[in-house]
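Here is my_file24.pdb, consisting of PDB, C-alpha atoms:
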ATOM      1  CA  MET A1443      76.142  63.050 170.975
ATOM      2  CA  ASN A1444      79.037  63.739 173.328
ATOM      3  CA  SER A1445      79.051  62.020 176.709
ATOM      4  CA  LEU A1446      78.116  64.100 179.727
ATOM      5  CA  ARG A1447      81.005  64.695 182.105
ATOM      6  CA  LEU A1448      79.607  63.395 185.399
ATOM      7  CA  MET A1449      81.133  64.114 188.792
ATOM      8  CA  ILE A1450      79.858  62.288 191.883
ATOM      9  CA  THR A1451      80.660  63.571 195.348
ATOM     10  CA  GLY A1452      80.535  60.928 198.037
ATOM     11  CA  ALA A1453      81.297  58.312 195.397
ATOM     12  CA  ASN A1454      82.778  55.943 197.992
ATOM     13  CA  GLY A1455      79.646  55.870 200.138
ATOM     14  CA  PHE A1456      76.877  53.278 200.127
ATOM     15  CA  VAL A1457      74.767  54.954 197.438
ATOM     16  CA  GLY A1458      77.769  56.543 195.719
ATOM     17  CA  ARG A1459      79.296  53.166 194.900
ATOM     18  CA  LYS A1460      76.015  51.967 193.395
ATOM     19  CA  VAL A1461      75.549  55.101 191.272
ATOM     20  CA  THR A1462      79.149  54.964 190.089
ATOM     21  CA  GLU A1463      78.655  51.387 188.912
ATOM     22  CA  ALA A1464      75.454  52.354 187.075
ATOM     23  CA  ALA A1465      77.090  55.387 185.457
ATOM     24  CA  ARG A1466      80.060  53.328 184.239
ATOM     25  CA  ARG A1467      77.633  51.032 182.420
ATOM     26  CA  ASN A1468      75.857  53.963 180.761
ATOM     27  CA  PRO A1469      77.481  55.329 177.594
ATOM     28  CA  ALA A1470      75.776  58.686 178.162
ATOM     29  CA  PHE A1471      78.333  59.486 180.891
ATOM     30  CA  GLU A1472      82.038  60.125 181.119
ATOM     31  CA  LEU A1473      82.968  59.905 184.782
ATOM     32  CA  VAL A1474      85.282  62.613 186.101
ATOM     33  CA  LYS A1475      86.677  62.489 189.616
ATOM     34  CA  PHE A1476      86.003  64.884 192.464
ATOM     35  CA  ILE A1477      89.654  65.329 193.429
ATOM     36  CA  ASP A1478      92.069  68.088 194.312
ATOM     37  CA  GLU A1479      95.550  68.722 192.937
ATOM     38  CA  THR A1480      96.969  65.948 195.134
ATOM     39  CA  GLY A1481      94.575  63.372 193.706
ATOM     40  CA  ALA A1482      92.602  63.086 196.945
ATOM     41  CA  SER A1483      88.916  63.801 197.437
ATOM     42  CA  PRO A1484      88.656  67.315 198.898
ATOM     43  CA  ASP A1485      86.794  68.074 202.105
ATOM     44  CA  ILE A1486      83.413  69.318 200.886
ATOM     45  CA  ALA A1487      83.518  71.886 203.700
ATOM     46  CA  ASP A1488      86.746  73.409 202.270
ATOM     47  CA  ALA A1489      85.492  76.068 199.838
ATOM     48  CA  ASP A1490      88.850  76.637 198.141
ATOM     49  CA  ALA A1491      89.468  72.934 197.589
ATOM     50  CA  VAL A1492      85.966  72.459 196.164
ATOM     51  CA  ASP A1493      86.476  75.427 193.847
ATOM     52  CA  ARG A1494      89.736  73.995 192.536
ATOM     53  CA  ALA A1495      88.196  70.550 191.999
ATOM     54  CA  ILE A1496      85.314  71.956 189.960
ATOM     55  CA  ALA A1497      87.637  74.189 187.936
ATOM     56  CA  ALA A1498      89.835  71.197 187.086
ATOM     57  CA  ALA A1499      87.097  68.683 186.271
ATOM     58  CA  ARG A1500      84.644  71.012 184.473
ATOM     59  CA  PRO A1501      81.658  68.654 184.822
ATOM     60  CA  ASP A1502      78.396  68.852 182.879
ATOM     61  CA  ARG A1503      76.512  67.091 185.669
ATOM     62  CA  VAL A1504      77.222  66.791 189.386
ATOM     63  CA  LEU A1505      75.493  64.277 191.641
ATOM     64  CA  HIS A1506      76.063  65.547 195.166
ATOM     65  CA  LEU A1507      75.919  62.720 197.706
ATOM     66  CA  ALA A1508      78.700  63.715 200.108
ATOM     67  CA  ALA A1509      77.166  64.295 203.540
ATOM     68  CA  ILE A1510      77.100  63.489 207.210
ATOM     69  CA  ALA A1511      74.384  60.961 206.467
ATOM     70  CA  ALA A1512      73.594  59.334 209.813
ATOM     71  CA  PRO A1513      71.244  61.393 212.023
ATOM     72  CA  ARG A1514      73.008  60.220 215.200
ATOM     73  CA  GLN A1515      76.372  61.308 213.816
ATOM     74  CA  ALA A1516      74.954  64.709 212.898
ATOM     75  CA  GLN A1517      73.489  65.100 216.379
ATOM     76  CA  ALA A1518      76.809  64.207 217.987
ATOM     77  CA  ASP A1519      78.737  66.860 216.004
ATOM     78  CA  ALA A1520      76.291  69.511 214.875
ATOM     79  CA  SER A1521      78.982  71.971 213.774
ATOM     80  CA  ARG A1522      80.497  69.446 211.396
ATOM     81  CA  ALA A1523      77.053  68.450 210.090
ATOM     82  CA  TRP A1524      76.237  72.077 209.247
ATOM     83  CA  ALA A1525      79.672  72.596 207.674
ATOM     84  CA  VAL A1526      79.292  69.558 205.417
ATOM     85  CA  ASN A1527      75.579  69.254 204.692
ATOM     86  CA  PHE A1528      74.712  72.924 204.352
ATOM     87  CA  SER A1529      77.858  75.003 203.817
ATOM     88  CA  GLY A1530      79.555  72.338 201.716
ATOM     89  CA  THR A1531      76.516  72.020 199.460
ATOM     90  CA  LEU A1532      76.318  75.790 199.010
ATOM     91  CA  GLN A1533      80.052  76.001 198.277
ATOM     92  CA  LEU A1534      79.720  73.304 195.630
ATOM     93  CA  ALA A1535      76.858  75.221 193.997
ATOM     94  CA  GLN A1536      78.870  78.450 194.066
ATOM     95  CA  ALA A1537      81.868  76.755 192.440
ATOM     96  CA  LEU A1538      79.614  75.456 189.674
ATOM     97  CA  MET A1539      78.087  78.888 189.114
ATOM     98  CA  LYS A1540      81.601  80.300 188.825
ATOM     99  CA  HIS A1541      83.180  77.681 186.566
ATOM    100  CA  ARG A1542      80.317  75.695 184.989
ATOM    101  CA  PRO A1543      77.099  77.757 185.167
ATOM    102  CA  GLU A1544      75.528  75.610 182.434
ATOM    103  CA  ALA A1545      75.965  72.409 184.487
ATOM    104  CA  ARG A1546      73.210  70.643 186.410
ATOM    105  CA  LEU A1547      73.496  69.861 190.114
ATOM    106  CA  VAL A1548      71.435  66.868 191.251
ATOM    107  CA  TRP A1549      71.364  66.855 195.031
ATOM    108  CA  SER A1550      70.471  64.108 197.463
ATOM    109  CA  GLY A1551      68.412  65.754 200.184
ATOM    110  CA  SER A1552      66.357  63.828 202.716
ATOM    111  CA  SER A1553      62.822  63.072 203.803
ATOM    112  CA  GLU A1554      64.048  64.062 207.288
ATOM    113  CA  ALA A1555      63.608  67.663 206.158
ATOM    114  CA  TYR A1556      59.821  67.211 206.465
ATOM    115  CA  GLY A1557      60.028  66.339 210.161
ATOM    116  CA  ALA A1558      56.867  67.367 212.001
ATOM    117  CA  SER A1559      54.950  67.703 208.727
ATOM    118  CA  PHE A1560      54.483  63.936 208.766
ATOM    119  CA  ASN A1561      52.296  64.338 211.839
ATOM    120  CA  ARG A1562      50.104  66.946 210.160
ATOM    121  CA  GLY A1563      49.248  64.916 207.048
ATOM    122  CA  PRO A1564      47.685  64.031 204.802
ATOM    123  CA  LEU A1565      49.971  61.131 203.970
ATOM    124  CA  PRO A1566      51.765  60.323 201.811
ATOM    125  CA  LEU A1567      53.266  63.827 201.821
ATOM    126  CA  ALA A1568      53.636  65.773 198.596
ATOM    127  CA  GLU A1569      56.647  67.977 197.921
ATOM    128  CA  THR A1570      54.572  71.043 198.798
ATOM    129  CA  ALA A1571      54.511  70.032 202.498
ATOM    130  CA  ALA A1572      56.335  72.373 204.863
ATOM    131  CA  LEU A1573      59.905  71.574 205.836
ATOM    132  CA  GLU A1574      59.769  71.276 209.644
ATOM    133  CA  PRO A1575      62.867  69.261 210.586
ATOM    134  CA  ALA A1576      62.937  67.691 214.030
ATOM    135  CA  ASN A1577      66.671  66.964 214.353
ATOM    136  CA  VAL A1578      70.063  68.402 213.377
ATOM    137  CA  TYR A1579      70.422  66.181 210.328
ATOM    138  CA  GLY A1580      66.995  67.137 209.009
ATOM    139  CA  ALA A1581      67.682  70.827 209.660
ATOM    140  CA  THR A1582      70.943  70.792 207.689
ATOM    141  CA  LYS A1583      69.204  69.069 204.798
ATOM    142  CA  ALA A1584      66.213  71.429 204.906
ATOM    143  CA  ALA A1585      68.480  74.488 204.817
ATOM    144  CA  ALA A1586      70.405  73.202 201.799
ATOM    145  CA  ASP A1587      67.108  72.208 200.150
ATOM    146  CA  ILE A1588      65.815  75.782 200.449
ATOM    147  CA  ALA A1589      69.079  77.303 199.202
ATOM    148  CA  LEU A1590      69.315  75.070 196.124
ATOM    149  CA  GLY A1591      65.644  75.556 195.349
ATOM    150  CA  GLN A1592      66.137  79.312 195.282
ATOM    151  CA  LEU A1593      69.173  79.032 193.004
ATOM    152  CA  GLY A1594      67.237  76.810 190.619
ATOM    153  CA  ARG A1595      64.123  78.970 190.524
ATOM    154  CA  SER A1596      66.176  82.127 189.967
ATOM    155  CA  GLY A1597      67.970  80.579 186.988
ATOM    156  CA  ALA A1598      71.399  80.931 188.609
ATOM    157  CA  LEU A1599      72.045  77.163 188.414
ATOM    158  CA  ASP A1600      70.001  74.235 187.164
ATOM    159  CA  THR A1601      69.336  72.251 190.317
ATOM    160  CA  ALA A1602      67.305  69.105 190.994
ATOM    161  CA  ILE A1603      66.365  68.415 194.615
ATOM    162  CA  LEU A1604      65.701  64.782 195.410
ATOM    163  CA  ARG A1605      64.276  63.856 198.808
ATOM    164  CA  PRO A1606      64.970  60.159 199.344
ATOM    165  CA  PHE A1607      63.054  58.243 201.989
ATOM    166  CA  ASN A1608      64.513  55.186 203.747
ATOM    167  CA  HIS A1609      66.468  52.974 201.382
ATOM    168  CA  THR A1610      68.616  49.934 201.897
ATOM    169  CA  GLY A1611      70.450  47.162 200.119
ATOM    170  CA  PRO A1612      73.588  45.015 200.292
ATOM    171  CA  GLY A1613      76.569  46.989 201.540
ATOM    172  CA  GLN A1614      74.719  49.409 203.792
ATOM    173  CA  ALA A1615      76.295  50.006 207.212
ATOM    174  CA  ALA A1616      74.771  48.388 210.288
ATOM    175  CA  ASP A1617      73.949  51.867 211.632
ATOM    176  CA  TYR A1618      70.681  51.474 209.717
ATOM    177  CA  VAL A1619      67.770  49.315 210.751
ATOM    178  CA  VAL A1620      67.606  46.625 208.043
ATOM    179  CA  PRO A1621      71.320  45.731 208.012
ATOM    180  CA  ALA A1622      71.344  46.005 211.820
ATOM    181  CA  PHE A1623      68.702  43.258 212.031
ATOM    182  CA  ALA A1624      70.277  41.233 209.236
ATOM    183  CA  ALA A1625      73.757  41.400 210.776
ATOM    184  CA  GLN A1626      72.408  39.886 213.991
ATOM    185  CA  ILE A1627      70.677  37.092 212.084
ATOM    186  CA  ALA A1628      73.851  36.306 210.143
ATOM    187  CA  ALA A1629      75.884  36.287 213.376
ATOM    188  CA  ILE A1630      73.371  33.950 215.046
ATOM    189  CA  GLU A1631      73.459  31.574 212.080
ATOM    190  CA  LYS A1632      77.267  31.464 212.339
ATOM    191  CA  GLY A1633      77.099  30.751 216.077
ATOM    192  CA  GLU A1634      78.651  34.114 216.936
ATOM    193  CA  GLN A1635      75.623  35.374 218.893
ATOM    194  CA  GLU A1636      73.058  33.707 221.090
ATOM    195  CA  PRO A1637      69.797  33.024 219.183
ATOM    196  CA  VAL A1638      68.064  36.175 220.430
ATOM    197  CA  LEU A1639      67.747  39.243 218.253
ATOM    198  CA  LYS A1640      67.882  42.537 220.203
ATOM    199  CA  VAL A1641      65.543  45.241 218.903
ATOM    200  CA  GLY A1642      64.254  48.705 219.691
ATOM    201  CA  ASN A1643      60.872  50.210 218.825
ATOM    202  CA  LEU A1644      59.208  48.205 216.043
ATOM    203  CA  ASP A1645      56.007  50.207 215.679
ATOM    204  CA  ALA A1646      57.101  53.032 213.368
ATOM    205  CA  LEU A1647      55.953  52.890 209.740
ATOM    206  CA  ARG A1648      58.472  54.068 207.166
ATOM    207  CA  ASP A1649      58.644  54.331 203.388
ATOM    208  CA  PHE A1650      61.373  51.867 202.294
ATOM    209  CA  LEU A1651      63.007  51.457 198.888
ATOM    210  CA  ASP A1652      65.743  49.311 197.420
ATOM    211  CA  VAL A1653      68.902  51.345 196.827
ATOM    212  CA  GLU A1654      68.888  50.318 193.158
ATOM    213  CA  ASP A1655      65.524  52.040 192.697
ATOM    214  CA  VAL A1656      66.988  55.194 194.222
ATOM    215  CA  VAL A1657      69.973  54.949 191.867
ATOM    216  CA  ALA A1658      67.617  54.657 188.904
ATOM    217  CA  LEU A1659      65.981  57.973 189.796
ATOM    218  CA  TYR A1660      69.326  59.713 190.281
ATOM    219  CA  ILE A1661      70.388  58.574 186.814
ATOM    220  CA  ALA A1662      67.067  59.699 185.331
ATOM    221  CA  ALA A1663      67.425  63.149 186.907
ATOM    222  CA  LEU A1664      70.953  63.493 185.547
ATOM    223  CA  LEU A1665      69.821  62.594 182.035
ATOM    224  CA  ALA A1666      66.485  64.429 181.928
ATOM    225  CA  GLU A1667      65.934  66.824 179.043
ATOM    226  CA  GLY A1668      65.319  70.491 179.733
ATOM    227  CA  ARG A1669      65.981  72.452 182.892
ATOM    228  CA  ILE A1670      64.751  71.138 186.229
ATOM    229  CA  GLY A1671      65.034  74.554 187.818
ATOM    230  CA  GLY A1672      65.087  73.848 191.534
ATOM    231  CA  GLU A1673      62.122  71.483 191.618
ATOM    232  CA  ALA A1674      61.961  68.962 194.463
ATOM    233  CA  TYR A1675      60.992  65.313 194.069
ATOM    234  CA  ASN A1676      60.191  62.652 196.641
ATOM    235  CA  VAL A1677      62.086  59.398 196.210
ATOM    236  CA  ALA A1678      59.469  57.193 197.808
ATOM    237  CA  THR A1679      56.921  54.429 197.374
ATOM    238  CA  GLY A1680      53.930  56.021 199.088
ATOM    239  CA  LYS A1681      53.382  52.703 200.904
ATOM    240  CA  PRO A1682      54.921  52.733 204.393
ATOM    241  CA  VAL A1683      55.983  49.488 206.053
ATOM    242  CA  ARG A1684      56.060  48.749 209.796
ATOM    243  CA  ILE A1685      59.592  48.199 211.105
ATOM    244  CA  GLY A1686      58.331  45.062 212.842
ATOM    245  CA  ASP A1687      57.168  43.695 209.498
ATOM    246  CA  LEU A1688      60.634  44.238 208.038
ATOM    247  CA  LEU A1689      62.001  42.231 210.942
ATOM    248  CA  GLU A1690      59.469  39.450 210.318
ATOM    249  CA  GLY A1691      60.483  39.391 206.658
ATOM    250  CA  LEU A1692      64.118  38.898 207.615
ATOM    251  CA  LEU A1693      63.306  36.278 210.253
ATOM    252  CA  SER A1694      61.328  34.315 207.670
ATOM    253  CA  GLU A1695      64.629  33.891 205.778
ATOM    254  CA  ALA A1696      66.591  32.772 208.857
ATOM    255  CA  ARG A1697      68.074  29.270 208.827
ATOM    256  CA  VAL A1698      67.733  28.781 212.578
ATOM    257  CA  LYS A1699      65.053  29.567 215.134
ATOM    258  CA  ILE A1700      65.570  33.070 216.569
ATOM    259  CA  GLY A1701      63.844  34.816 219.452
ATOM    260  CA  VAL A1702      63.255  38.576 219.666
ATOM    261  CA  GLU A1703      63.943  40.692 222.740
ATOM    262  CA  THR A1704      63.458  44.420 223.273
ATOM    263  CA  ASP A1705      66.690  46.135 224.287
ATOM    264  CA  PRO A1706      66.035  49.256 226.420
ATOM    265  CA  ALA A1707      69.241  50.807 225.075
ATOM    266  CA  ARG A1708      67.853  50.593 221.532
ATOM    267  CA  TYR A1709      64.320  51.646 222.350
ATOM    268  CA  ALA A1710      63.068  55.168 221.674
ATOM    269  CA  PRO A1711      59.518  56.502 221.360
ATOM    270  CA  ASN A1712      58.273  57.420 217.894
ATOM    271  CA  ALA A1713      58.043  61.180 217.489
ATOM    272  CA  VAL A1714      56.868  60.455 213.935
ATOM    273  CA  PRO A1715      54.658  57.333 213.897
ATOM    274  CA  VAL A1716      54.313  57.258 210.091
ATOM    275  CA  ALA A1717      56.580  58.758 207.408
ATOM    276  CA  SER A1718      55.636  58.363 203.759
ATOM    277  CA  GLY A1719      56.087  60.354 200.570
ATOM    278  CA  ASN A1720      54.012  60.701 197.427
ATOM    279  CA  PRO A1721      56.132  59.642 194.421
ATOM    280  CA  GLU A1722      53.778  60.895 191.682
ATOM    281  CA  LYS A1723      55.793  63.991 190.797
ATOM    282  CA  ALA A1724      58.917  61.913 190.112
ATOM    283  CA  ARG A1725      56.859  59.441 188.106
ATOM    284  CA  GLU A1726      55.466  62.188 185.905
ATOM    285  CA  ARG A1727      58.758  64.070 185.356
ATOM    286  CA  PHE A1728      61.169  61.151 185.068
ATOM    287  CA  SER A1729      58.936  58.162 184.192
ATOM    288  CA  TRP A1730      60.219  56.532 187.363
ATOM    289  CA  ALA A1731      58.649  54.094 189.774
ATOM    290  CA  PRO A1732      60.128  51.670 192.327
ATOM    291  CA  GLN A1733      60.535  48.213 190.811
ATOM    292  CA  ILE A1734      62.081  46.015 193.511
ATOM    293  CA  ALA A1735      59.894  44.263 196.080
ATOM    294  CA  ILE A1736      60.916  44.865 199.694
ATOM    295  CA  ASN A1737      61.167  41.136 200.456
ATOM    296  CA  ASP A1738      63.707  40.751 197.647
ATOM    297  CA  THR A1739      65.676  43.642 199.143
ATOM    298  CA  LEU A1740      65.647  42.076 202.610
ATOM    299  CA  LYS A1741      66.889  38.755 201.245
ATOM    300  CA  GLY A1742      69.680  40.516 199.352
ATOM    301  CA  VAL A1743      70.873  42.328 202.480
ATOM    302  CA  LEU A1744      70.841  39.143 204.546
ATOM    303  CA  ASP A1745      72.615  37.064 201.899
ATOM    304  CA  ALA A1746      75.362  39.686 201.561
ATOM    305  CA  LEU A1747      75.980  39.669 205.313
ATOM    306  CA  ARG A1748      76.036  35.879 205.400
ATOM    307  CA  ALA A1749      78.801  35.991 202.791
ATOM    308  CA  SER A1750      80.852  38.644 204.559
TER     309      SER A1750
END
Turn this file's structure into structure tokens for me.
Amino acid sequence: MNSLRLMITGANGFVGRKVTEAARRNPAFELVKFIDETGASPDIADADAVDRAIAAARPDRVLHLAAIAAPRQAQADASRAWAVNFSGTLQLAQALMKHRPEARLVWSGSSEAYGASFNRGPLPLAETAALEPANVYGATKAAADIALGQLGRSGALDTAILRPFNHTGPGQAADYVVPAFAAQIAAIEKGEQEPVLKVGNLDALRDFLDVEDVVALYIAALLAEGRIGGEAYNVATGKPVRIGDLLEGLLSEARVKIGVETDPARYAPNAVPVASGNPEKARERFSWAPQIAINDTLKGVLDALRAS
């Protein structure tokens, strides 16, 4: 069997690096680069550059990760977020339909697309829940989700829509809650910060996974037999964890005594008290289930920051 020509957009990002490593170890794939004629990664919002990159690489599978991925960044520049997350995704799909209509596009959406649906329940949410995004980032992801779903259902392009919930691991930026806590602990242990950890609202419950479990589902979706046809799948555990409990897990690994102090600048009320997704559909279609315990993930994040 010939290897599948796999292109990954956003390959230099947190998840992209992990997927690239996994794909290199898998003989089922031949990695092809998402590059333009100059050898650089094209701006996903540049339709002509994306078209040329797809025409040159001729992939069998595309894992689309490139995005404005931080909700605060999307809020700060909504025009750019829409250009990248929605228009860029649609342009990528159109280039594939033009040059590689037999290819499969596996897309990394977001649980943020559900938005207010988390407050309507029942939890954990199934993929049939309404998309009611509550912020710019979620809206851009919901719009692309709907567009790719339609293309898949119509038969125009084989698309797989994955809706990952919170995930973390070594190498994630400190813009996200677990590495933000862990970075402070590592700095305190090194004597670079007073022994008080500054926090925001700790009461929210969120569905957390290890990034390697997310990678495993992306690989499974790329390799799955038969058409996926625009179906959506939660990438979740179904077992939400309180943010304060994640903090306690990290503090239990600390090598020095650390106090905790609420920072008004970091504190925001919880518009969504609990966010959790039902993973059964992904389990049934891809024989996938999260394998890595959250405490092991927390330790891995902290150890990586200690070593940095």
Dig up all the protein and nucleic acid residues within 10 Å of (72.5, 39.8, 209.4) in the file frame, using only C-alpha atoms, and format them as a PyMOL selection string. chain A and resi 1616+1620-1631+1692-1693+1696+1740-1741+1743-1750
For the file shown, report as a short mmCIF file (atom, residue, chain, number, x, y, z; two decimals) with C-alpha atoms, in the frame of the given file the outcome of the PyMOL selection byres ((chain A and resi 1603) around 12) at residue level.
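The resulting result13.cif:
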data_model
loop_
_atom_site.label_atom_id
_atom_site.label_comp_id
_atom_site.auth_asym_id
_atom_site.auth_seq_id
_atom_site.Cartn_x
_atom_site.Cartn_y
_atom_site.Cartn_z
CA LEU A 1505 75.49 64.28 191.64
CA HIS A 1506 76.06 65.55 195.17
CA LEU A 1507 75.92 62.72 197.71
CA THR A 1531 76.52 72.02 199.46
CA ARG A 1546 73.21 70.64 186.41
CA LEU A 1547 73.50 69.86 190.11
CA VAL A 1548 71.44 66.87 191.25
CA TRP A 1549 71.36 66.86 195.03
CA SER A 1550 70.47 64.11 197.46
CA GLY A 1551 68.41 65.75 200.18
CA SER A 1552 66.36 63.83 202.72
CA SER A 1553 62.82 63.07 203.80
CA ALA A 1555 63.61 67.66 206.16
CA GLU A 1569 56.65 67.98 197.92
CA LYS A 1583 69.20 69.07 204.80
CA ALA A 1584 66.21 71.43 204.91
CA ALA A 1586 70.40 73.20 201.80
CA ASP A 1587 67.11 72.21 200.15
CA ILE A 1588 65.82 75.78 200.45
CA ALA A 1589 69.08 77.30 199.20
CA LEU A 1590 69.32 75.07 196.12
CA GLY A 1591 65.64 75.56 195.35
CA GLN A 1592 66.14 79.31 195.28
CA LEU A 1593 69.17 79.03 193.00
CA GLY A 1594 67.24 76.81 190.62
CA ARG A 1595 64.12 78.97 190.52
CA ASP A 1600 70.00 74.24 187.16
CA THR A 1601 69.34 72.25 190.32
CA ALA A 1602 67.31 69.10 190.99
CA LEU A 1604 65.70 64.78 195.41
CA ARG A 1605 64.28 63.86 198.81
CA PRO A 1606 64.97 60.16 199.34
CA LEU A 1659 65.98 57.97 189.80
CA TYR A 1660 69.33 59.71 190.28
CA ALA A 1663 67.42 63.15 186.91
CA LEU A 1664 70.95 63.49 185.55
CA ILE A 1670 64.75 71.14 186.23
CA GLY A 1671 65.03 74.55 187.82
CA GLY A 1672 65.09 73.85 191.53
CA GLU A 1673 62.12 71.48 191.62
CA ALA A 1674 61.96 68.96 194.46
CA TYR A 1675 60.99 65.31 194.07
CA ASN A 1676 60.19 62.65 196.64
CA VAL A 1677 62.09 59.40 196.21
CA ALA A 1724 58.92 61.91 190.11
#
For the structure provided, state which residues fall under the PyMOL selection byres ((chain A and resi 1683) around 8), and present them as a PyMOL selection string. chain A and resi 1647-1650+1681-1682+1684-1685+1687-1688
Around the point (53.4, 67.4, 212.9) in the file's coordinates, collect all residues with an atom within 12 Å, using all atoms listed in the file, and return them as a PyMOL selection string. chain A and resi 1556-1565+1567+1571-1576+1713-1717
Got a sec to resolve the PyMOL selection byres ((chain A and resi 1490) around 12) on this structure and send the residues as a list in words?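 So the PyMOL selection byres ((chain A and resi 1490) around 12), applied here, picks out Asp1478, Glu1479, Pro1484, Asp1485, Ile1486, Ala1487, Asp1488, Ala1489, Ala1491, Val1492, Asp1493, Arg1494, Ala1495, Ile1496, Ala1497, Gly1530, Gln1533, Leu1534, Gln1536 and Ala1537 of chain A.
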Could you write out the selected residues, including C-alpha atoms, as a PDB file, in the coordinates of the input?
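Full text of selection_17.pdb as output:
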ATOM      1  CA  ASP A1478      92.069  68.088 194.312  1.00  0.00           C
ATOM      2  CA  GLU A1479      95.550  68.722 192.937  1.00  0.00           C
ATOM      3  CA  PRO A1484      88.656  67.315 198.898  1.00  0.00           C
ATOM      4  CA  ASP A1485      86.794  68.074 202.105  1.00  0.00           C
ATOM      5  CA  ILE A1486      83.413  69.318 200.886  1.00  0.00           C
ATOM      6  CA  ALA A1487      83.518  71.886 203.700  1.00  0.00           C
ATOM      7  CA  ASP A1488      86.746  73.409 202.270  1.00  0.00           C
ATOM      8  CA  ALA A1489      85.492  76.068 199.838  1.00  0.00           C
ATOM      9  CA  ALA A1491      89.468  72.934 197.589  1.00  0.00           C
ATOM     10  CA  VAL A1492      85.966  72.459 196.164  1.00  0.00           C
ATOM     11  CA  ASP A1493      86.476  75.427 193.847  1.00  0.00           C
ATOM     12  CA  ARG A1494      89.736  73.995 192.536  1.00  0.00           C
ATOM     13  CA  ALA A1495      88.196  70.550 191.999  1.00  0.00           C
ATOM     14  CA  ILE A1496      85.314  71.956 189.960  1.00  0.00           C
ATOM     15  CA  ALA A1497      87.637  74.189 187.936  1.00  0.00           C
ATOM     16  CA  GLY A1530      79.555  72.338 201.716  1.00  0.00           C
ATOM     17  CA  GLN A1533      80.052  76.001 198.277  1.00  0.00           C
ATOM     18  CA  LEU A1534      79.720  73.304 195.630  1.00  0.00           C
ATOM     19  CA  GLN A1536      78.870  78.450 194.066  1.00  0.00           C
ATOM     20  CA  ALA A1537      81.868  76.755 192.440  1.00  0.00           C
TER      21      ALA A1537
END
What does the distance between atom CA of A:Asp1705 and atom CA of A:Glu1690 come to in Å, to one decimal place? 17.1 Å
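For the atom pair formed by atom CA of A:Glu1554 and atom CA of A:Thr1582, the distance is 9.6 Å, given to one decimal.
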Could you name the residues that touch stretch 1516-1521 of chain A at 6 Å or less, counting all atoms listed in the file, but leaving out those on the same chain fewer than 3 positions away, as a PyMOL selection string? chain A and resi 1513+1524+1578-1579
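The smallest atom-to-atom distance between A:Tyr1618 and any of A:Phe1528, A:Phe1471, A:Phe1476, A:Phe1456, using only C-alpha atoms, is found for A:Phe1456.
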Any idea what the distance is between atom CA of A:Ser1718 and atom CA of A:Ile1734?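 These two atoms are separated by 17.3 Å.
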Skipping near chain neighbours, those fewer than 2 positions away, what residues fall within 7 Å of A:Ala1545 using all atoms listed in the file, listed as a list in words?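 Answer for this query is Pro1501, Asp1502, Arg1503, Arg1542, Pro1543, Leu1547 and Asp1600 of chain A.
Candidate residues A:Ala1465, A:Met1449, A:Val1504, A:Ala1511 were compared for distance to A:Ala1615, and the nearest is A:Ala1511, using all atoms listed in the file.
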With distances taken over only C-alpha atoms, which residue among A:Ala1678, A:Ile1450, A:Val1457, A:Leu1532 lies nearest A:Leu1473?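 Ranking A:Ala1678, A:Ile1450, A:Val1457, A:Leu1532 by distance to A:Leu1473, first place goes to A:Ile1450.
Ranking A:Asn1712, A:Ala1646, A:Ala1498, A:Asn1720 by their shortest atom-to-atom distance to A:Thr1480, with only C-alpha atoms included, puts A:Ala1498 first.
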I want to know what sits within 6 Å of A:His1609, based on all atoms listed in the file, with residues of the same chain fewer than 4 positions away left out; could you give that as a ChimeraX atom specification? /A:1650-1653
Which is closest to A:Ser1445 among A:Ser1483, A:Ser1694, A:Asn1468, A:Ser1729, if we use only C-alpha atoms?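 Result for the nearest residue to A:Ser1445: A:Asn1468.
Comparing the minimum interatomic distances between A:Gly1455 and each of A:Ala1707, A:Ala1470, A:Val1619, A:Ala1509, counting only C-alpha atoms, we find that A:Ala1509 sits nearest.
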Kindly complete stretch 1707-1714 of chain A to N, CA and C atoms; the output should be written as a PDB file, keeping the file's coordinate frame.
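Contents of rebuild.pdb, as written:
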ATOM      1  N   ALA A1707      68.245  49.880 225.614  1.00  0.00           N
ATOM      2  CA  ALA A1707      69.241  50.807 225.075  1.00  0.00           C
ATOM      3  C   ALA A1707      68.944  51.181 223.628  1.00  0.00           C
ATOM      4  N   ARG A1708      68.187  50.334 222.936  1.00  0.00           N
ATOM      5  CA  ARG A1708      67.853  50.593 221.532  1.00  0.00           C
ATOM      6  C   ARG A1708      66.476  51.211 221.373  1.00  0.00           C
ATOM      7  N   TYR A1709      65.722  51.242 222.458  1.00  0.00           N
ATOM      8  CA  TYR A1709      64.320  51.646 222.350  1.00  0.00           C
ATOM      9  C   TYR A1709      64.174  53.160 222.493  1.00  0.00           C
ATOM     10  N   ALA A1710      63.389  53.746 221.590  1.00  0.00           N
ATOM     11  CA  ALA A1710      63.068  55.168 221.674  1.00  0.00           C
ATOM     12  C   ALA A1710      61.634  55.348 221.199  1.00  0.00           C
ATOM     13  N   PRO A1711      60.891  56.262 221.811  1.00  0.00           N
ATOM     14  CA  PRO A1711      59.518  56.502 221.360  1.00  0.00           C
ATOM     15  C   PRO A1711      59.507  57.104 219.960  1.00  0.00           C
ATOM     16  N   ASN A1712      58.387  56.921 219.259  1.00  0.00           N
ATOM     17  CA  ASN A1712      58.273  57.420 217.894  1.00  0.00           C
ATOM     18  C   ASN A1712      57.690  58.830 217.885  1.00  0.00           C
ATOM     19  N   ALA A1713      58.547  59.816 217.635  1.00  0.00           N
ATOM     20  CA  ALA A1713      58.043  61.180 217.489  1.00  0.00           C
ATOM     21  C   ALA A1713      57.233  61.309 216.204  1.00  0.00           C
ATOM     22  N   VAL A1714      57.589  60.482 215.211  1.00  0.00           N
ATOM     23  CA  VAL A1714      56.868  60.455 213.935  1.00  0.00           C
ATOM     24  C   VAL A1714      56.391  59.016 213.717  1.00  0.00           C
TER      25      VAL A1714
END
